[in-house]
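A.B. asks: Sharing model-v6.cif, mmCIF, C-alpha atoms:
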data_input
#
loop_
_atom_site.label_atom_id
_atom_site.label_comp_id
_atom_site.auth_asym_id
_atom_site.auth_seq_id
_atom_site.Cartn_x
_atom_site.Cartn_y
_atom_site.Cartn_z
CA MET K 1 -0.17 -31.06 54.91
CA ALA K 2 2.55 -32.79 57.01
CA LEU K 3 3.56 -31.48 60.43
CA THR K 4 7.24 -31.10 61.35
CA ARG K 5 8.80 -31.20 64.82
CA VAL K 6 11.06 -28.29 65.72
CA ASP K 7 12.57 -28.22 69.28
CA GLY K 8 9.98 -30.67 70.46
CA ALA K 9 7.04 -28.70 69.07
CA LEU K 10 4.91 -29.52 66.06
CA THR K 11 4.88 -26.74 63.46
CA LEU K 12 3.40 -26.27 60.02
CA PRO K 13 5.79 -25.99 57.07
CA PRO K 14 6.13 -22.55 55.47
CA ALA K 15 3.46 -21.82 52.88
CA ASP K 16 4.55 -22.14 49.24
CA THR K 17 4.00 -18.71 47.72
CA THR K 18 5.42 -19.63 44.30
CA LEU K 19 2.05 -20.56 42.82
CA GLY K 20 0.49 -17.37 44.09
CA LYS K 21 3.27 -15.27 42.61
CA ARG K 22 2.98 -17.09 39.31
CA GLY K 23 -0.75 -16.45 39.25
CA ARG K 24 -0.29 -12.76 39.95
CA HIS K 25 2.43 -12.47 37.28
CA ARG K 26 0.22 -14.29 34.79
CA GLY K 27 -2.66 -11.96 35.53
CA ARG K 28 -0.47 -8.87 35.08
CA ASP K 29 0.95 -10.26 31.82
CA GLN K 30 -2.54 -10.94 30.49
CA ARG K 31 -3.69 -7.42 31.35
CA ALA K 32 -0.55 -5.94 29.79
CA ALA K 33 -1.09 -7.99 26.61
CA ALA K 34 -4.71 -6.87 26.42
CA VAL K 35 -3.74 -3.18 26.14
CA PRO K 36 -2.08 -3.35 22.67
CA THR K 37 -4.84 -5.69 21.50
CA ILE K 38 -7.49 -3.14 22.47
CA ILE K 39 -5.50 -0.34 20.81
CA LEU K 40 -5.21 -2.38 17.59
CA LEU K 41 -8.93 -3.14 17.63
CA LEU K 42 -9.75 0.56 18.07
CA GLY K 43 -7.39 1.38 15.19
CA ALA K 44 -9.04 -1.25 13.00
CA VAL K 45 -12.49 0.17 13.78
CA TYR K 46 -11.24 3.68 13.04
CA CYS K 47 -9.86 2.58 9.66
CA LEU K 48 -12.73 0.30 8.63
CA LEU K 49 -15.60 2.53 9.71
CA PRO K 50 -15.35 4.84 6.64
CA VAL K 51 -15.21 1.77 4.39
CA ALA K 52 -18.31 0.37 6.07
CA TRP K 53 -20.03 3.74 5.64
CA VAL K 54 -19.23 3.81 1.90
CA LEU K 55 -20.43 0.22 1.53
CA VAL K 56 -23.76 0.97 3.22
CA ALA K 57 -24.19 4.42 1.64
CA SER K 58 -23.78 3.01 -1.86
CA THR K 59 -26.90 0.89 -1.32
CA LYS K 60 -29.11 3.96 -0.71
CA ASN K 61 -30.71 6.42 -3.05
CA ASN K 62 -30.17 10.15 -2.74
CA ALA K 63 -33.15 10.75 -0.43
CA GLN K 64 -32.14 8.00 1.97
CA LEU K 65 -28.55 9.16 1.90
CA PHE K 66 -29.31 12.60 3.33
CA ASN K 67 -32.63 12.32 5.12
CA THR K 68 -32.78 9.03 7.05
CA PHE K 69 -29.32 7.51 6.81
CA THR K 70 -28.68 4.46 8.97
CA PHE K 71 -26.18 1.62 8.80
CA GLU K 72 -28.91 -0.67 7.50
CA PRO K 73 -28.30 -1.54 3.81
CA ASN K 74 -30.95 -0.76 1.22
CA GLY K 75 -31.59 -2.13 -2.26
CA SER K 76 -30.43 0.77 -4.45
CA LEU K 77 -26.90 -0.48 -5.20
CA GLY K 78 -27.84 -1.90 -8.60
CA SER K 79 -29.67 1.26 -9.68
CA ASN K 80 -26.76 3.40 -8.47
CA ILE K 81 -24.28 1.35 -10.51
CA ARG K 82 -26.51 1.59 -13.58
CA GLY K 83 -26.85 5.34 -13.11
CA LEU K 84 -23.11 5.73 -12.70
CA SER K 85 -22.43 3.59 -15.78
CA SER K 86 -24.83 5.61 -17.93
CA TYR K 87 -23.64 9.02 -16.72
CA ALA K 88 -22.02 11.01 -19.56
CA GLY K 89 -21.86 7.97 -21.81
CA GLY K 90 -20.06 5.76 -19.30
CA VAL K 91 -17.23 8.19 -18.54
CA PHE K 92 -16.72 6.57 -15.13
CA TRP K 93 -15.41 3.36 -16.69
CA HIS K 94 -13.16 5.45 -18.90
CA TRP K 95 -11.74 7.00 -15.74
CA MET K 96 -11.30 3.52 -14.30
CA LEU K 97 -9.28 2.43 -17.35
CA ASN K 98 -7.20 5.60 -17.18
CA THR K 99 -6.46 4.94 -13.52
CA ALA K 100 -5.48 1.33 -14.27
CA LEU K 101 -3.14 2.60 -16.98
CA TYR K 102 -1.55 5.23 -14.76
CA ALA K 103 -1.22 2.96 -11.73
CA GLY K 104 -0.33 -0.27 -13.52
CA GLY K 105 2.04 1.26 -16.07
CA GLY K 106 3.66 3.61 -13.57
CA ALA K 107 4.11 0.84 -10.98
CA LEU K 108 5.63 -1.58 -13.51
CA LEU K 109 8.08 1.03 -14.81
CA SER K 110 8.90 2.01 -11.24
CA VAL K 111 9.63 -1.63 -10.33
CA VAL K 112 12.03 -1.94 -13.29
CA VAL K 113 13.88 1.27 -12.39
CA SER K 114 13.92 0.45 -8.67
CA ALA K 115 15.17 -3.10 -9.25
CA LEU K 116 18.00 -1.99 -11.53
CA THR K 117 19.06 0.91 -9.33
CA GLY K 118 18.68 -0.92 -6.02
CA TYR K 119 20.62 -3.95 -7.28
CA ALA K 120 23.43 -1.74 -8.60
CA LEU K 121 23.66 0.18 -5.32
CA ALA K 122 23.70 -3.07 -3.33
CA LYS K 123 26.11 -5.22 -5.36
CA TYR K 124 28.44 -2.86 -7.23
CA LYS K 125 31.12 -0.70 -5.66
CA PHE K 126 31.76 2.60 -7.40
CA ARG K 127 32.77 6.11 -6.49
CA GLY K 128 29.93 8.20 -5.13
CA ARG K 129 27.70 5.24 -4.25
CA SER K 130 27.12 6.38 -0.67
CA THR K 131 26.47 9.96 -1.77
CA LEU K 132 23.95 8.83 -4.35
CA PHE K 133 22.17 6.62 -1.84
CA ASN K 134 22.02 9.47 0.70
CA LEU K 135 20.46 11.71 -1.94
CA LEU K 136 17.84 9.05 -2.58
CA LEU K 137 17.11 8.86 1.14
CA ALA K 138 16.68 12.63 1.16
CA GLY K 139 14.22 12.21 -1.71
CA VAL K 140 12.13 9.90 0.48
CA LEU K 141 11.65 12.77 2.93
CA VAL K 142 10.34 15.19 0.27
CA PRO K 143 6.51 15.16 0.09
CA PRO K 144 5.18 14.55 -3.44
CA ILE K 145 2.98 17.64 -3.12
CA VAL K 146 6.13 19.81 -3.07
CA LEU K 147 7.28 18.37 -6.41
CA ALA K 148 3.96 18.67 -8.23
CA LEU K 149 4.37 22.27 -9.41
CA PRO K 150 8.04 21.93 -10.52
CA GLN K 151 7.09 18.77 -12.41
CA TYR K 152 4.29 20.65 -14.15
CA LEU K 153 6.62 23.48 -15.20
CA LEU K 154 9.23 20.99 -16.44
CA LEU K 155 6.77 18.91 -18.47
CA ALA K 156 5.12 22.05 -19.83
CA LYS K 157 8.41 23.04 -21.48
CA PHE K 158 8.36 19.74 -23.39
CA GLY K 159 4.68 20.06 -24.30
CA LEU K 160 3.68 16.96 -22.31
CA THR K 161 1.02 18.48 -20.07
CA ASN K 162 -2.54 17.22 -20.58
CA THR K 163 -1.16 13.93 -21.90
CA TYR K 164 -0.94 10.46 -20.39
CA TRP K 165 2.83 10.88 -20.08
CA SER K 166 2.39 13.83 -17.71
CA VAL K 167 1.00 11.42 -15.09
CA LEU K 168 3.06 8.35 -16.00
CA LEU K 169 6.56 9.85 -16.09
CA PRO K 170 6.61 11.38 -12.57
CA SER K 171 5.55 8.02 -11.10
CA VAL K 172 8.46 6.09 -12.64
CA LEU K 173 11.15 7.24 -10.20
CA SER K 174 10.36 6.26 -6.62
CA PRO K 175 13.12 6.97 -4.05
CA TYR K 176 11.36 4.76 -1.52
CA GLY K 177 11.11 1.94 -4.05
CA ILE K 178 14.84 2.19 -4.82
CA TYR K 179 15.59 2.14 -1.11
CA LEU K 180 13.51 -1.01 -0.60
CA ALA K 181 15.08 -2.69 -3.65
CA ARG K 182 18.59 -1.99 -2.36
CA ILE K 183 17.82 -3.32 1.12
CA TYR K 184 16.16 -6.44 -0.27
CA ALA K 185 18.93 -7.10 -2.80
CA MET K 186 21.53 -6.91 -0.03
CA SER K 187 19.71 -9.51 2.08
CA ALA K 188 18.15 -11.80 -0.54
CA VAL K 189 20.90 -12.08 -3.16
CA PRO K 190 24.04 -13.68 -1.65
CA ASP K 191 27.39 -12.43 -2.90
CA GLU K 192 28.56 -16.03 -3.21
CA VAL K 193 25.88 -16.78 -5.80
CA ILE K 194 26.88 -13.74 -7.84
CA GLU K 195 30.57 -14.65 -7.72
CA SER K 196 29.82 -18.23 -8.76
CA ALA K 197 27.80 -17.01 -11.73
CA ARG K 198 30.61 -14.68 -12.77
CA VAL K 199 33.14 -17.49 -12.53
CA ASP K 200 30.91 -19.56 -14.84
CA GLY K 201 31.01 -16.73 -17.37
CA CYS K 202 27.47 -15.43 -16.90
CA PRO K 203 27.04 -11.89 -18.36
CA GLU K 204 26.09 -9.20 -15.87
CA PHE K 205 22.67 -8.40 -17.32
CA ARG K 206 21.75 -12.07 -17.58
CA LEU K 207 22.96 -12.56 -14.01
CA PHE K 208 20.57 -9.81 -12.95
CA THR K 209 17.54 -11.04 -14.91
CA ARG K 210 17.99 -14.81 -14.40
CA ILE K 211 19.43 -15.00 -10.87
CA ALA K 212 18.92 -11.77 -8.92
CA VAL K 213 15.40 -10.87 -10.02
CA PRO K 214 13.81 -14.25 -9.05
CA MET K 215 15.37 -13.89 -5.60
CA MET K 216 14.03 -10.34 -5.30
CA VAL K 217 10.44 -11.13 -6.36
CA PRO K 218 8.78 -10.63 -2.91
CA GLY K 219 10.52 -7.28 -2.50
CA LEU K 220 9.62 -6.20 -6.02
CA VAL K 221 5.99 -7.17 -5.42
CA THR K 222 6.01 -4.95 -2.33
CA ILE K 223 7.41 -2.05 -4.37
CA PHE K 224 4.77 -2.65 -7.06
CA LEU K 225 1.94 -2.58 -4.51
CA PHE K 226 3.19 0.55 -2.77
CA GLN K 227 3.62 2.41 -6.03
CA PHE K 228 0.35 1.11 -7.50
CA VAL K 229 -1.64 2.29 -4.48
CA ALA K 230 0.20 5.63 -4.43
CA VAL K 231 -0.56 6.33 -8.10
CA TRP K 232 -4.12 4.97 -7.85
CA ASN K 233 -4.91 7.38 -5.00
CA ASN K 234 -2.92 10.30 -6.42
CA PHE K 235 -5.04 13.41 -6.85
CA LEU K 236 -2.92 16.55 -6.97
CA LEU K 237 -0.58 15.60 -9.83
CA PRO K 238 -3.28 14.61 -12.37
CA PHE K 239 -5.42 17.52 -11.17
CA ILE K 240 -2.61 19.92 -12.11
CA MET K 241 -1.45 18.14 -15.26
CA LEU K 242 -4.75 17.27 -16.97
CA SER K 243 -7.55 19.40 -18.34
CA ASP K 244 -9.21 16.87 -20.65
CA GLU K 245 -11.97 14.99 -18.83
CA ASN K 246 -11.37 11.89 -20.94
CA LYS K 247 -7.84 11.61 -19.46
CA PHE K 248 -8.91 12.01 -15.83
CA PRO K 249 -8.21 9.25 -13.30
CA LEU K 250 -10.87 8.24 -10.79
CA THR K 251 -9.73 10.65 -8.11
CA VAL K 252 -10.07 13.73 -10.30
CA GLY K 253 -13.17 12.40 -12.07
CA LEU K 254 -15.05 11.76 -8.83
CA TYR K 255 -13.95 15.18 -7.59
CA THR K 256 -15.56 16.82 -10.61
CA LEU K 257 -18.74 14.83 -9.97
CA LEU K 258 -18.72 15.97 -6.35
CA ASN K 259 -18.44 19.60 -7.42
CA ARG K 260 -21.33 19.20 -9.86
CA GLY K 261 -23.38 17.70 -7.02
CA SER K 262 -23.86 21.19 -5.56
CA THR K 263 -26.21 21.97 -8.47
CA ALA K 264 -27.39 18.38 -9.09
CA PRO K 265 -27.71 16.62 -5.69
CA ALA K 266 -28.60 13.32 -7.37
CA LEU K 267 -24.92 12.99 -8.29
CA TYR K 268 -23.90 12.50 -4.65
CA SER K 269 -25.14 8.90 -4.60
CA LEU K 270 -23.17 8.28 -7.82
CA VAL K 271 -20.02 9.67 -6.19
CA VAL K 272 -20.42 7.35 -3.20
CA THR K 273 -21.01 4.37 -5.49
CA GLY K 274 -17.99 5.31 -7.58
CA SER K 275 -15.88 5.50 -4.41
CA LEU K 276 -16.93 1.96 -3.52
CA LEU K 277 -16.10 0.63 -6.98
CA SER K 278 -12.74 2.40 -6.95
CA ILE K 279 -11.45 0.42 -3.95
CA ILE K 280 -12.47 -3.01 -5.26
CA PRO K 281 -9.45 -3.34 -7.65
CA LEU K 282 -7.08 -2.54 -4.78
CA ILE K 283 -8.64 -5.24 -2.60
CA ILE K 284 -8.42 -7.78 -5.43
CA LEU K 285 -4.79 -6.85 -6.09
CA PHE K 286 -3.78 -7.29 -2.45
CA LEU K 287 -5.56 -10.65 -2.20
CA ALA K 288 -3.96 -11.85 -5.44
CA LEU K 289 -0.39 -10.85 -4.55
CA GLN K 290 -0.26 -11.67 -0.84
CA ARG K 291 0.83 -15.24 -1.64
CA TYR K 292 4.26 -13.86 -2.56
CA TRP K 293 4.70 -12.59 1.01
CA ARG K 294 3.52 -15.89 2.49
CA THR K 295 5.97 -17.77 0.27
CA ASP K 296 8.84 -15.50 1.29
CA ILE K 297 8.05 -15.85 4.99
CA ALA K 298 7.84 -19.63 4.70
CA SER K 299 11.13 -19.84 2.79
CA GLY K 300 12.83 -17.59 5.31
CA ALA K 301 11.70 -19.83 8.16
CA VAL K 302 13.74 -22.79 6.91
CA LYS K 303 16.93 -20.95 5.96
CA GLN K 304 20.02 -22.04 7.86
#
Show me the file's structure as structure tokens.
C.D. replies:
Amino acid sequence: MALTRVDGALTLPPADTTLGKRGRHRGRDQRAAAVPTIILLLGAVYCLLPVAWVLVASTKNNAQLFNTFTFEPNGSLGSNIRGLSSYAGGVFWHWMLNTALYAGGGALLSVVVSALTGYALAKYKFRGRSTLFNLLLAGVLVPPIVLALPQYLLLAKFGLTNTYWSVLLPSVLSPYGIYLARIYAMSAVPDEVIESARVDGCPEFRLFTRIAVPMMVPGLVTIFLFQFVAVWNNFLLPFIMLSDENKFPLTVGLYTLLNRGSTAPALYSLVVTGSLLSIIPLIILFLALQRYWRTDIASGAVKQ
């Protein structure tokens, strides 16, 4: 460190406190960044702990499940799956197919309705458009449980209760899906492209199917996933609408097994195993469709 002469006396230069301040700021920033990370980790543990419990519990037999349960897996998963498959002539897999029909069919129909309605609200100007959109937003705020009983009374007048349509039809119209489709159509489908297609003489429906829909694919995939998961996990609506066990989805079917477990405790291990098998299709679906989100993010990163 060099000495400086001031008024004939040698003095030390003032200490540079910049590095110290930077170090203190960096330490505070690191501690501040650690707080949300810890909160997210605690949230992940909170969400994944029940899944881990189901995964471990499905590997145990009924005695191990209630007497000496630990988070150490056992070797009863295969026997539990065989017992579940043979129960009542394989009714569990019939419930699985019913659930795939309700969720897959309802989500596909909902995507079609949401895409058409959202695109029309985003790209066409007509009287009452804002009012209609506000009504749809109000529909987002209404819990589905409130609509279950009115839907039952309405479908009962048409003789559709205890049919597949009684679960499919209410899942077709999704106010939240229409809202997402409108927002995505406004941002992903440029007005210039639509005007150019109209100048070239492209019909409106062909413009929608050949130009708008490919641009809206990531948003439509999101709508499909949201609606698929909502219908797959729906319990109250099919519980009210259906009385035939062969038409039950997994949620209602496993509920009936759980109730029968009070008189036949061996069914509890089958219920846990069925719960594990019921989430596997959702995991596969998310892993299969996430590439559409990655593609959309990558394409958005290079837009001018």
A.B. asks: Apply the PyMOL selection byres ((chain K and resi 97-104) around 8) to the displayed file and report the matching residues as a ChimeraX atom specification.
C.D. replies: /K:93-96,105-108,164,167-168,227-232,247-250
A.B. asks: Between K:Asn67, K:Ser58, K:Pro281, K:Leu160, which one has atoms that come closest to Asn80 (chain K), using all atoms listed in the file?
C.D. replies: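 Closest to Asn80 (chain K), using all atoms listed in the file: K:Ser58.
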A.B. asks: Where does the PyMOL selection byres ((chain K and resi 139) around 12) land in this file, that is, which residues does it pick, as an MDAnalysis selection string?
C.D. replies: chainID K and resid 132:138 140:144 146:147 173:179
A.B. asks: What is the distance between CA of Ala264 (chain K) and CA of Phe235 (chain K), in Å to one decimal?
C.D. replies: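 Rounded to one decimal, the two atoms are 23.0 Å apart.
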A.B. asks: Applied to the shown file, which residues does the PyMOL selection byres ((chain K and resi 41-55) around 9) return, written as JSON, numbers by chain?
C.D. replies: {"K": [36, 37, 38, 39, 40, 56, 57, 58, 59, 71, 73, 272, 273, 275, 276]}
A.B. asks: Could you tell me how far CA of Leu155 (chain K) lies from CA of Asn234 (chain K), in Å and to one decimal?
C.D. replies: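 Here the two named atoms are 17.7 Å from each other.
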A.B. asks: What is the distance between CA of Arg260 (chain K) and CA of Asn62 (chain K), in Å to one decimal?
C.D. replies: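 That distance, rounded to one decimal, is 14.5 Å.
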A.B. asks: Which residue gives the smallest distance to Val113 (chain K) among K:Ile183, K:Ala212, K:Ile223, K:Leu84, with all atoms listed in the file counted?
C.D. replies: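 Closest candidate: K:Ile223.
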A.B. asks: Please provide the set of residues having any atom within 9 Å of Ala188 (chain K), restricted to all atoms listed in the file, with same-chain residues fewer than 2 positions apart removed, written as a list in words.
C.D. replies: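 My reading of the contact set: Ile183, Tyr184, Ala185, Met186, Pro190, Ala212, Met215 and Met216 of chain K.
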A.B. asks: Nearest residue to Val189 (chain K) out of K:Gly90, K:Phe69, K:Phe126, K:Ala120, using only C-alpha atoms?
C.D. replies: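 Comparing K:Gly90, K:Phe69, K:Phe126, K:Ala120 against Val189 (chain K), the winner is K:Ala120.
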A.B. asks: I'd like the contact shell of Tyr119 (chain K) - 8 Å cut-off, only C-alpha atoms, skipping same-chain residues fewer than 4 positions apart - returned as a list of chain:residue names.
C.D. replies: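 Final neighbour list, sorted by chain and number: K:Ala115, K:Lys123, K:Tyr124, K:Ala181, K:Arg182, K:Ala185, K:Met186.
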